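Trainee: Before I ask anything, here is the structure I am working with.
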Amino acid sequence: MQNSEPKEKIVYKLVLTGGPCAGKTTGQTRLSTFFENLGWKVYRVPEAATLLFSGGVRFPDLTAEEAIRFQHDLLRVMMALEECYFSLAESCKQNCLVICDRGTMDASAFIVPDEWDKILKKYGWNPVDIRDNRYHHVLHVMSAANGAEAFYNVLDNVTRTEGLELAREVDRRTAQAWVGHPYFDVIDNSTDFSTKLSRIIDCVCRRMGINTGDRLAQDSRKRKFLVGHLPSDSVFPLYQDFDVIHDYLLTANPKTQVRLRKRGQNGTWTYSHTQRNKEVNDQVIELKRQLSHRDYVNMLAQRDDFHYTVYKLRRCFLWQNMYFQMDIYKQPCHPRCEGLILLETYTTLTGEELNKSLPPFLDIKREVTQEATFSMFYLSLKEDPKPNKFIITSNGSYGNDKFKAH
């Protein structure tokens, strides 16, 4: 694997905040994958409130005095967690992105101003230090309750109980708490969910001065190409190689796909869970979340025996300001995957302009974006699917009757 040491290591501290059902969890996972593909180390600070609530804390059970004391303790737990990850990032030799699932000022959204002032005074804190100097960037992801009500739900988070009106109020208070930070951005619901996720990454990259080309433009689309053979490593620009293992899980809904991913380098792994649903107006919604190793192992028990485990080498690289991922399928696999190499990118380019921008050192046979037979779901099947099987193609649509041989 080619690699090079950065001239000056970067540690970037990002707060990802927002109202309930905003897409923060999926946004964190997308950000993590994007920066890991660039060779960065990504640390994700867990949300302190969720950790405590999952341990049995319930606000309705607390007296007014206990609720105030809980907010004091919650803030101290949050800061201790952050300091742990900040320290790890500083000692790491790679560029590091630290994603904080909410930050210090979020606590002020749930406390009356007088009580917040008492907390600051008690511990000798001031807003400039704990808001402006503590983090490089704050990104508020707006709740689906504001502008995407059809997608608001409380089912995918056991600690979420807010109705629409309360969710809007929490969203407003949370955003207001961060007003004044020098680098504060809001991601609203003016686009579909997939584009919203791209806007999150684009916003962070712009603040950091990272050139993503048109990969994250609103009209950018995923394009997939069949590659004839793998050339010598020496012809590639700087790249990162990852071992990737995918498993599909059993689902009760035929229009839902669920898979696990294990992805790593040199024996160090990250784990994620992806769920794709056909939703309102036939839109395909993809929800991703990071998993612990323990959760990953437990979920493997739900593996769908109608699918092979998919083994791939994923090579990530930049070419002429375009970001590419190349998947090299490995054995054991279905015979249809033997020797298969697929190249993917996100771009607004089309036609001859796109063809001229593809890496010339690759033997690209043709574009297969619209061909359902090149979706990983189809490639993993042990037998050819039934005509009504829900299969998502690379452009986000779902095919079921146009399976082209290759």
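For the structure tokens, the naming scheme is as follows: chains receive sequential letters (A, B, ...) according to their order of presentation, residues are indexed from 1 within each chain, and ligands are indexed from 1 in presentation order.
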What are the DSSP strand (DSSP E or B) residues of stretch 8-91 of chain A, as a PyMOL selection string?

Mentor: chain A and resi 11-18+41-45

Trainee: I need the residues of stretch 261-393 of chain A that end up classed as alpha helix (DSSP H) by DSSP on the backbone, written out as JSON, numbers by chain.

Mentor: {"A": [293, 294, 295, 296, 297, 298, 299, 351, 352, 353, 354, 355, 356, 357, 376, 377, 378, 379, 380]}

Trainee: Could you take the residues named above and write them with C-alpha atoms, as an mmCIF file, in the first residue's frame?

Mentor:
data_model
loop_
_atom_site.group_PDB
_atom_site.id
_atom_site.type_symbol
_atom_site.label_atom_id
_atom_site.label_comp_id
_atom_site.auth_asym_id
_atom_site.auth_seq_id
_atom_site.Cartn_x
_atom_site.Cartn_y
_atom_site.Cartn_z
ATOM 1 C CA HIS A 293 -17.549 -5.682 17.992
ATOM 2 C CA ARG A 294 -19.869 -7.378 20.466
ATOM 3 C CA ASP A 295 -23.039 -6.135 18.704
ATOM 4 C CA TYR A 296 -21.591 -7.154 15.347
ATOM 5 C CA VAL A 297 -20.913 -10.706 16.525
ATOM 6 C CA ASN A 298 -24.383 -10.984 18.077
ATOM 7 C CA MET A 299 -26.093 -9.740 14.904
ATOM 8 C CA GLY A 351 -21.449 11.157 -21.199
ATOM 9 C CA GLU A 352 -18.097 11.777 -22.840
ATOM 10 C CA GLU A 353 -17.090 14.274 -20.169
ATOM 11 C CA LEU A 354 -17.390 11.529 -17.554
ATOM 12 C CA ASN A 355 -15.548 8.997 -19.700
ATOM 13 C CA LYS A 356 -12.606 11.373 -20.127
ATOM 14 C CA SER A 357 -12.379 11.826 -16.344
ATOM 15 C CA MET A 376 -23.972 -6.381 -4.047
ATOM 16 C CA PHE A 377 -27.316 -7.773 -2.885
ATOM 17 C CA TYR A 378 -27.708 -9.688 -6.151
ATOM 18 C CA LEU A 379 -24.044 -10.703 -6.324
ATOM 19 C CA SER A 380 -24.285 -12.285 -2.873
#

Trainee: Can you work out the spacing between atom CA of A:Met322 and atom CA of A:Arg207 in Å, to one decimal?

Mentor: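 So the two atoms, atom CA of A:Met322 and atom CA of A:Arg207, lie 18.8 Å apart.
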
Trainee: Mind dumping a table of every stretch 267-325 of chain A residue within 9 Å of stretch 336-345 of chain A, with the nearest atom pair and its distance in Å to one decimal, using only C-alpha atoms, sorted by chain and rising number, as a tab-separated table?

Mentor:
residue	atom	partner	partner_atom	distance
A:Met322	CA	A:Thr345	CA	7.5
A:Tyr323	CA	A:Thr345	CA	6.1
A:Phe324	CA	A:Thr345	CA	4.9
A:Gln325	CA	A:Glu344	CA	5.2

Trainee: Would you list the contacts of A:Phe59 as JSON, numbers by chain, taking every protein, DNA or RNA residue within 12 Å and counting only C-alpha atoms, but skipping same-chain residues closer than 2 positions in sequence?

Mentor: {"A": [49, 52, 53, 56, 57, 61, 62, 63, 64, 65, 66, 67, 68, 69, 70, 71, 110, 159, 161]}

Trainee: Calculate how many Å separate atom CA of A:Leu287 from atom CA of A:Thr26, rounding to one decimal.

Mentor: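 Distance reported for this atom pair: 5.7 Å.
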
Trainee: Under the rule that only C-alpha atoms are counted, which of A:Lys278, A:Arg102, A:Arg315, A:Arg199 is the nearest residue to A:Thr25?

Mentor: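 Of the candidates, the smallest distance to A:Thr25 is held by A:Arg102.
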
Trainee: Any idea what's packed within 9 Å of stretch 140-145 of chain A, counting only C-alpha atoms, ignoring anything in its chain fewer than 2 positions away? Could you give it as a count of residues only?

Mentor: 38

Trainee: Quick one: pull the distance between atom CA of A:Gln218 and atom CA of A:Ser198, Å, one decimal.

Mentor: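 If I compute the distance from atom CA of A:Gln218 to atom CA of A:Ser198, I get 7.7 Å.
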
Trainee: Quick one: of A:Tyr123, A:Tyr329, A:Phe361, A:Tyr271, who's nearest to A:Arg314, counting only C-alpha atoms?

Mentor: A:Tyr329

Trainee: For A:Arg366, which residue among A:His72, A:Arg206, A:Lys122, A:Arg223 is the nearest when counting only C-alpha atoms?

Mentor: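 Smallest distance to A:Arg366 is found for A:Arg223.
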
Trainee: When distances are computed from only C-alpha atoms, which of A:Trp269, A:Ile10, A:Thr274, A:Asn146 shows the smallest separation from A:Ser190?

Mentor: A:Asn146
